[in-house]
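Working notes, beginning with the structure itself.
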Amino acid sequence: MRTYNIHDAKTQLSRLVEQAAKGEPFVIAKAGKPMVKVIALQAPEPDQIKRFGFMAGQIQVPDDFDRMGEADIVQLFEDGE
């Protein structure tokens with residue numbers, strides 16, 4: 001997400017508002033400190049956006065996930081190839 005200082009935001013406000021309305025939110029900062037986030041009104045609030053678990057039941061992680069490819073990795077280190 002892009003951040004603009006207050007001066008730049010004032011100078012480019014029309015363009016930035018159009019971009020936000022199209023789904024590209026931005027942050028306005030004062031002295032480098034983020035102050036406000038501008039998002040489109042029809043855009044879902046951050047707490048409404050579900051990200052974790054969106055593929056629940058569609059994929060499975062094998063029990064040996066943390067050891068997958070272990071032999072290949074050991075061979076690379078031992079053989080130097």
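We label chains A, B, ... in the order they appear in the structure tokens, count residues from 1 in each chain, and number ligands from 1 in the order shown.
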Residue set, chain A restricted to strand (DSSP E), as a PDB file with all heavy atoms, in the first residue's frame:
ATOM      1  N   ARG A   2       0.578   2.164  -0.860  1.00  0.00           N
ATOM      2  CA  ARG A   2       1.413   3.360  -0.995  1.00  0.00           C
ATOM      3  C   ARG A   2       1.106   4.356   0.117  1.00  0.00           C
ATOM      4  O   ARG A   2      -0.019   4.446   0.591  1.00  0.00           O
ATOM      5  CB  ARG A   2       1.166   3.993  -2.349  1.00  0.00           C
ATOM      6  CG  ARG A   2       1.612   3.035  -3.454  1.00  0.00           C
ATOM      7  CD  ARG A   2       1.933   3.692  -4.694  1.00  0.00           C
ATOM      8  NE  ARG A   2       2.752   4.868  -4.493  1.00  0.00           N
ATOM      9  CZ  ARG A   2       3.698   5.245  -5.313  1.00  0.00           C
ATOM     10  NH1 ARG A   2       3.964   4.514  -6.358  1.00  0.00           N
ATOM     11  NH2 ARG A   2       4.375   6.340  -5.123  1.00  0.00           N
ATOM     12  N   THR A   3       2.128   5.119   0.488  1.00  0.00           N
ATOM     13  CA  THR A   3       1.995   6.153   1.507  1.00  0.00           C
ATOM     14  C   THR A   3       2.399   7.483   0.893  1.00  0.00           C
ATOM     15  O   THR A   3       3.406   7.569   0.187  1.00  0.00           O
ATOM     16  CB  THR A   3       2.905   5.839   2.714  1.00  0.00           C
ATOM     17  OG1 THR A   3       2.521   4.571   3.259  1.00  0.00           O
ATOM     18  CG2 THR A   3       2.787   6.907   3.778  1.00  0.00           C
ATOM     19  N   TYR A   4       1.603   8.526   1.156  1.00  0.00           N
ATOM     20  CA  TYR A   4       1.869   9.865   0.644  1.00  0.00           C
ATOM     21  C   TYR A   4       1.921  10.826   1.821  1.00  0.00           C
ATOM     22  O   TYR A   4       1.151  10.699   2.772  1.00  0.00           O
ATOM     23  CB  TYR A   4       0.748  10.320  -0.299  1.00  0.00           C
ATOM     24  CG  TYR A   4       0.619   9.449  -1.518  1.00  0.00           C
ATOM     25  CD1 TYR A   4      -0.212   8.344  -1.514  1.00  0.00           C
ATOM     26  CD2 TYR A   4       1.336   9.735  -2.670  1.00  0.00           C
ATOM     27  CE1 TYR A   4      -0.320   7.531  -2.629  1.00  0.00           C
ATOM     28  CE2 TYR A   4       1.223   8.922  -3.795  1.00  0.00           C
ATOM     29  CZ  TYR A   4       0.389   7.831  -3.760  1.00  0.00           C
ATOM     30  OH  TYR A   4       0.287   7.036  -4.870  1.00  0.00           O
ATOM     31  N   ASN A   5       2.852  11.806   1.747  1.00  0.00           N
ATOM     32  CA  ASN A   5       2.845  12.820   2.793  1.00  0.00           C
ATOM     33  C   ASN A   5       1.691  13.777   2.520  1.00  0.00           C
ATOM     34  O   ASN A   5       1.104  13.777   1.434  1.00  0.00           O
ATOM     35  CB  ASN A   5       4.196  13.529   2.908  1.00  0.00           C
ATOM     36  CG  ASN A   5       4.546  14.341   1.679  1.00  0.00           C
ATOM     37  OD1 ASN A   5       3.707  14.999   1.093  1.00  0.00           O
ATOM     38  ND2 ASN A   5       5.808  14.296   1.287  1.00  0.00           N
ATOM     39  N   PHE A  26      -4.778   3.923   0.064  1.00  0.00           N
ATOM     40  CA  PHE A  26      -3.484   4.546   0.317  1.00  0.00           C
ATOM     41  C   PHE A  26      -3.481   5.147   1.716  1.00  0.00           C
ATOM     42  O   PHE A  26      -4.527   5.279   2.347  1.00  0.00           O
ATOM     43  CB  PHE A  26      -3.151   5.614  -0.737  1.00  0.00           C
ATOM     44  CG  PHE A  26      -4.087   6.790  -0.766  1.00  0.00           C
ATOM     45  CD1 PHE A  26      -3.800   7.949  -0.072  1.00  0.00           C
ATOM     46  CD2 PHE A  26      -5.264   6.735  -1.504  1.00  0.00           C
ATOM     47  CE1 PHE A  26      -4.659   9.035  -0.103  1.00  0.00           C
ATOM     48  CE2 PHE A  26      -6.131   7.820  -1.546  1.00  0.00           C
ATOM     49  CZ  PHE A  26      -5.827   8.971  -0.841  1.00  0.00           C
ATOM     50  N   VAL A  27      -2.286   5.491   2.188  1.00  0.00           N
ATOM     51  CA  VAL A  27      -2.105   6.049   3.528  1.00  0.00           C
ATOM     52  C   VAL A  27      -1.562   7.464   3.398  1.00  0.00           C
ATOM     53  O   VAL A  27      -0.712   7.730   2.551  1.00  0.00           O
ATOM     54  CB  VAL A  27      -1.123   5.182   4.348  1.00  0.00           C
ATOM     55  CG1 VAL A  27      -0.779   5.823   5.681  1.00  0.00           C
ATOM     56  CG2 VAL A  27      -1.693   3.788   4.555  1.00  0.00           C
ATOM     57  N   ILE A  28      -2.066   8.362   4.246  1.00  0.00           N
ATOM     58  CA  ILE A  28      -1.540   9.726   4.314  1.00  0.00           C
ATOM     59  C   ILE A  28      -0.735   9.834   5.608  1.00  0.00           C
ATOM     60  O   ILE A  28      -1.215   9.479   6.680  1.00  0.00           O
ATOM     61  CB  ILE A  28      -2.658  10.786   4.290  1.00  0.00           C
ATOM     62  CG1 ILE A  28      -3.445  10.681   2.979  1.00  0.00           C
ATOM     63  CG2 ILE A  28      -2.076  12.186   4.458  1.00  0.00           C
ATOM     64  CD1 ILE A  28      -4.638  11.622   2.904  1.00  0.00           C
ATOM     65  N   ALA A  29       0.500  10.327   5.472  1.00  0.00           N
ATOM     66  CA  ALA A  29       1.401  10.425   6.621  1.00  0.00           C
ATOM     67  C   ALA A  29       1.756  11.883   6.885  1.00  0.00           C
ATOM     68  O   ALA A  29       1.749  12.709   5.977  1.00  0.00           O
ATOM     69  CB  ALA A  29       2.660   9.616   6.364  1.00  0.00           C
ATOM     70  N   LYS A  30       2.077  12.165   8.132  1.00  0.00           N
ATOM     71  CA  LYS A  30       2.544  13.497   8.538  1.00  0.00           C
ATOM     72  C   LYS A  30       3.898  13.300   9.194  1.00  0.00           C
ATOM     73  O   LYS A  30       4.012  12.555  10.171  1.00  0.00           O
ATOM     74  CB  LYS A  30       1.554  14.133   9.515  1.00  0.00           C
ATOM     75  CG  LYS A  30       1.949  15.519   9.946  1.00  0.00           C
ATOM     76  CD  LYS A  30       0.873  16.127  10.835  1.00  0.00           C
ATOM     77  CE  LYS A  30       1.226  17.550  11.212  1.00  0.00           C
ATOM     78  NZ  LYS A  30       0.187  18.141  12.057  1.00  0.00           N
ATOM     79  N   LYS A  33       4.924   9.753   9.756  1.00  0.00           N
ATOM     80  CA  LYS A  33       4.102   8.916  10.627  1.00  0.00           C
ATOM     81  C   LYS A  33       2.729   8.718   9.978  1.00  0.00           C
ATOM     82  O   LYS A  33       2.011   9.690   9.729  1.00  0.00           O
ATOM     83  CB  LYS A  33       3.940   9.585  11.989  1.00  0.00           C
ATOM     84  CG  LYS A  33       3.079   8.809  12.947  1.00  0.00           C
ATOM     85  CD  LYS A  33       2.903   9.553  14.254  1.00  0.00           C
ATOM     86  CE  LYS A  33       1.934   8.808  15.145  1.00  0.00           C
ATOM     87  NZ  LYS A  33       1.530   9.615  16.290  1.00  0.00           N
ATOM     88  N   PRO A  34       2.337   7.469   9.694  1.00  0.00           N
ATOM     89  CA  PRO A  34       1.025   7.221   9.087  1.00  0.00           C
ATOM     90  C   PRO A  34      -0.087   7.779   9.966  1.00  0.00           C
ATOM     91  O   PRO A  34      -0.112   7.554  11.172  1.00  0.00           O
ATOM     92  CB  PRO A  34       0.947   5.699   9.011  1.00  0.00           C
ATOM     93  CG  PRO A  34       2.361   5.236   9.051  1.00  0.00           C
ATOM     94  CD  PRO A  34       3.093   6.238   9.896  1.00  0.00           C
ATOM     95  N   MET A  35      -0.999   8.530   9.333  1.00  0.00           N
ATOM     96  CA  MET A  35      -2.085   9.170  10.074  1.00  0.00           C
ATOM     97  C   MET A  35      -3.457   8.589   9.725  1.00  0.00           C
ATOM     98  O   MET A  35      -4.242   8.312  10.621  1.00  0.00           O
ATOM     99  CB  MET A  35      -2.103  10.678   9.805  1.00  0.00           C
ATOM    100  CG  MET A  35      -0.819  11.394  10.181  1.00  0.00           C
ATOM    101  SD  MET A  35      -0.482  11.387  11.938  1.00  0.00           S
ATOM    102  CE  MET A  35      -1.697  12.522  12.518  1.00  0.00           C
ATOM    103  N   VAL A  36      -3.740   8.429   8.419  1.00  0.00           N
ATOM    104  CA  VAL A  36      -5.038   7.919   7.994  1.00  0.00           C
ATOM    105  C   VAL A  36      -4.873   6.971   6.808  1.00  0.00           C
ATOM    106  O   VAL A  36      -3.920   7.072   6.049  1.00  0.00           O
ATOM    107  CB  VAL A  36      -6.015   9.054   7.590  1.00  0.00           C
ATOM    108  CG1 VAL A  36      -6.344   9.945   8.775  1.00  0.00           C
ATOM    109  CG2 VAL A  36      -5.471   9.874   6.450  1.00  0.00           C
ATOM    110  N   LYS A  37      -5.857   6.087   6.676  1.00  0.00           N
ATOM    111  CA  LYS A  37      -5.912   5.180   5.534  1.00  0.00           C
ATOM    112  C   LYS A  37      -7.161   5.535   4.752  1.00  0.00           C
ATOM    113  O   LYS A  37      -8.248   5.654   5.322  1.00  0.00           O
ATOM    114  CB  LYS A  37      -5.984   3.734   6.023  1.00  0.00           C
ATOM    115  CG  LYS A  37      -6.105   2.722   4.924  1.00  0.00           C
ATOM    116  CD  LYS A  37      -6.160   1.323   5.523  1.00  0.00           C
ATOM    117  CE  LYS A  37      -6.409   0.282   4.470  1.00  0.00           C
ATOM    118  NZ  LYS A  37      -6.530  -1.052   5.079  1.00  0.00           N
ATOM    119  N   VAL A  38      -7.025   5.708   3.442  1.00  0.00           N
ATOM    120  CA  VAL A  38      -8.158   6.062   2.591  1.00  0.00           C
ATOM    121  C   VAL A  38      -8.518   4.831   1.764  1.00  0.00           C
ATOM    122  O   VAL A  38      -7.686   4.292   1.030  1.00  0.00           O
ATOM    123  CB  VAL A  38      -7.814   7.248   1.662  1.00  0.00           C
ATOM    124  CG1 VAL A  38      -8.991   7.594   0.777  1.00  0.00           C
ATOM    125  CG2 VAL A  38      -7.382   8.456   2.482  1.00  0.00           C
TER     126      VAL A  38
END
Determine which residues of chain A DSSP labels as helix (DSSP H, G or I) from the backbone of this structure, then write them out as a VMD selection string. chain A and resid 6 to 11 13 to 21 46 to 48 65 to 67 70 to 79
Once you have the residues from the selection above, write them out as a compact mmCIF listing (two decimals), in the first residue's frame, restricted to N, CA and C atoms.
# COMPACT_ATOMS: atom_id res chain seq x y z
N ILE A 6 1.34 14.58 3.49
CA ILE A 6 0.17 15.45 3.38
C ILE A 6 0.27 16.37 2.18
N HIS A 7 1.42 16.95 1.94
CA HIS A 7 1.58 17.88 0.82
C HIS A 7 1.29 17.17 -0.51
N ASP A 8 1.88 16.00 -0.71
CA ASP A 8 1.64 15.25 -1.95
C ASP A 8 0.18 14.84 -2.08
N ALA A 9 -0.42 14.43 -0.96
CA ALA A 9 -1.83 14.02 -1.00
C ALA A 9 -2.73 15.20 -1.39
N LYS A 10 -2.43 16.40 -0.86
CA LYS A 10 -3.22 17.58 -1.23
C LYS A 10 -3.06 17.89 -2.71
N THR A 11 -1.85 17.77 -3.20
CA THR A 11 -1.56 18.10 -4.59
C THR A 11 -2.23 17.11 -5.55
N LEU A 13 -4.87 14.94 -4.77
CA LEU A 13 -6.05 14.37 -4.12
C LEU A 13 -7.06 13.77 -5.09
N SER A 14 -7.40 14.46 -6.17
CA SER A 14 -8.39 13.94 -7.11
C SER A 14 -7.96 12.59 -7.67
N ARG A 15 -6.72 12.49 -8.10
CA ARG A 15 -6.22 11.24 -8.67
C ARG A 15 -6.19 10.13 -7.62
N LEU A 16 -5.75 10.46 -6.41
CA LEU A 16 -5.68 9.46 -5.35
C LEU A 16 -7.05 8.95 -4.95
N VAL A 17 -8.03 9.85 -4.89
CA VAL A 17 -9.39 9.44 -4.56
C VAL A 17 -9.95 8.51 -5.63
N GLU A 18 -9.69 8.82 -6.89
CA GLU A 18 -10.14 7.95 -7.99
C GLU A 18 -9.52 6.56 -7.85
N GLN A 19 -8.23 6.51 -7.54
CA GLN A 19 -7.56 5.22 -7.38
C GLN A 19 -8.15 4.45 -6.20
N ALA A 20 -8.40 5.13 -5.10
CA ALA A 20 -8.98 4.48 -3.92
C ALA A 20 -10.37 3.93 -4.26
N ALA A 21 -11.14 4.69 -5.03
CA ALA A 21 -12.47 4.26 -5.41
C ALA A 21 -12.42 3.00 -6.28
N PRO A 46 -11.29 -4.16 6.88
CA PRO A 46 -10.24 -5.17 7.07
C PRO A 46 -10.69 -6.37 7.91
N ASP A 47 -11.56 -6.16 8.90
CA ASP A 47 -11.99 -7.28 9.72
C ASP A 47 -12.99 -8.18 8.99
N GLN A 48 -13.52 -7.74 7.85
CA GLN A 48 -14.44 -8.55 7.07
C GLN A 48 -13.71 -9.42 6.05
N PHE A 65 6.19 -33.03 6.37
CA PHE A 65 6.42 -31.79 5.62
C PHE A 65 7.77 -31.15 5.94
N ASP A 66 8.14 -31.14 7.22
CA ASP A 66 9.39 -30.50 7.63
C ASP A 66 10.62 -31.33 7.28
N ARG A 67 10.43 -32.56 6.78
CA ARG A 67 11.55 -33.40 6.39
C ARG A 67 11.55 -33.70 4.89
N GLU A 70 14.75 -33.93 2.49
CA GLU A 70 15.89 -33.95 3.41
C GLU A 70 17.10 -34.66 2.80
N ALA A 71 16.90 -35.80 2.17
CA ALA A 71 18.00 -36.56 1.58
C ALA A 71 18.68 -35.75 0.48
N ASP A 72 17.89 -35.05 -0.34
CA ASP A 72 18.46 -34.23 -1.41
C ASP A 72 19.30 -33.09 -0.85
N ILE A 73 18.83 -32.48 0.21
CA ILE A 73 19.55 -31.36 0.82
C ILE A 73 20.87 -31.84 1.43
N VAL A 74 20.81 -32.97 2.13
CA VAL A 74 22.02 -33.53 2.73
C VAL A 74 23.03 -33.85 1.63
N GLN A 75 22.55 -34.44 0.54
CA GLN A 75 23.44 -34.78 -0.57
C GLN A 75 24.09 -33.53 -1.17
N LEU A 76 23.34 -32.47 -1.31
CA LEU A 76 23.90 -31.22 -1.84
C LEU A 76 25.02 -30.69 -0.97
N PHE A 77 24.86 -30.77 0.35
CA PHE A 77 25.88 -30.26 1.25
C PHE A 77 27.10 -31.20 1.31
N GLU A 78 26.85 -32.48 1.27
CA GLU A 78 27.95 -33.43 1.40
C GLU A 78 28.74 -33.58 0.11
N ASP A 79 28.06 -33.55 -1.03
CA ASP A 79 28.73 -33.72 -2.31
C ASP A 79 29.24 -32.40 -2.88
Rounded to one decimal, what separation in Å do you get between atom CA of Leu41 of chain A and atom CA of Gln12 of chain A? 19.4 Å
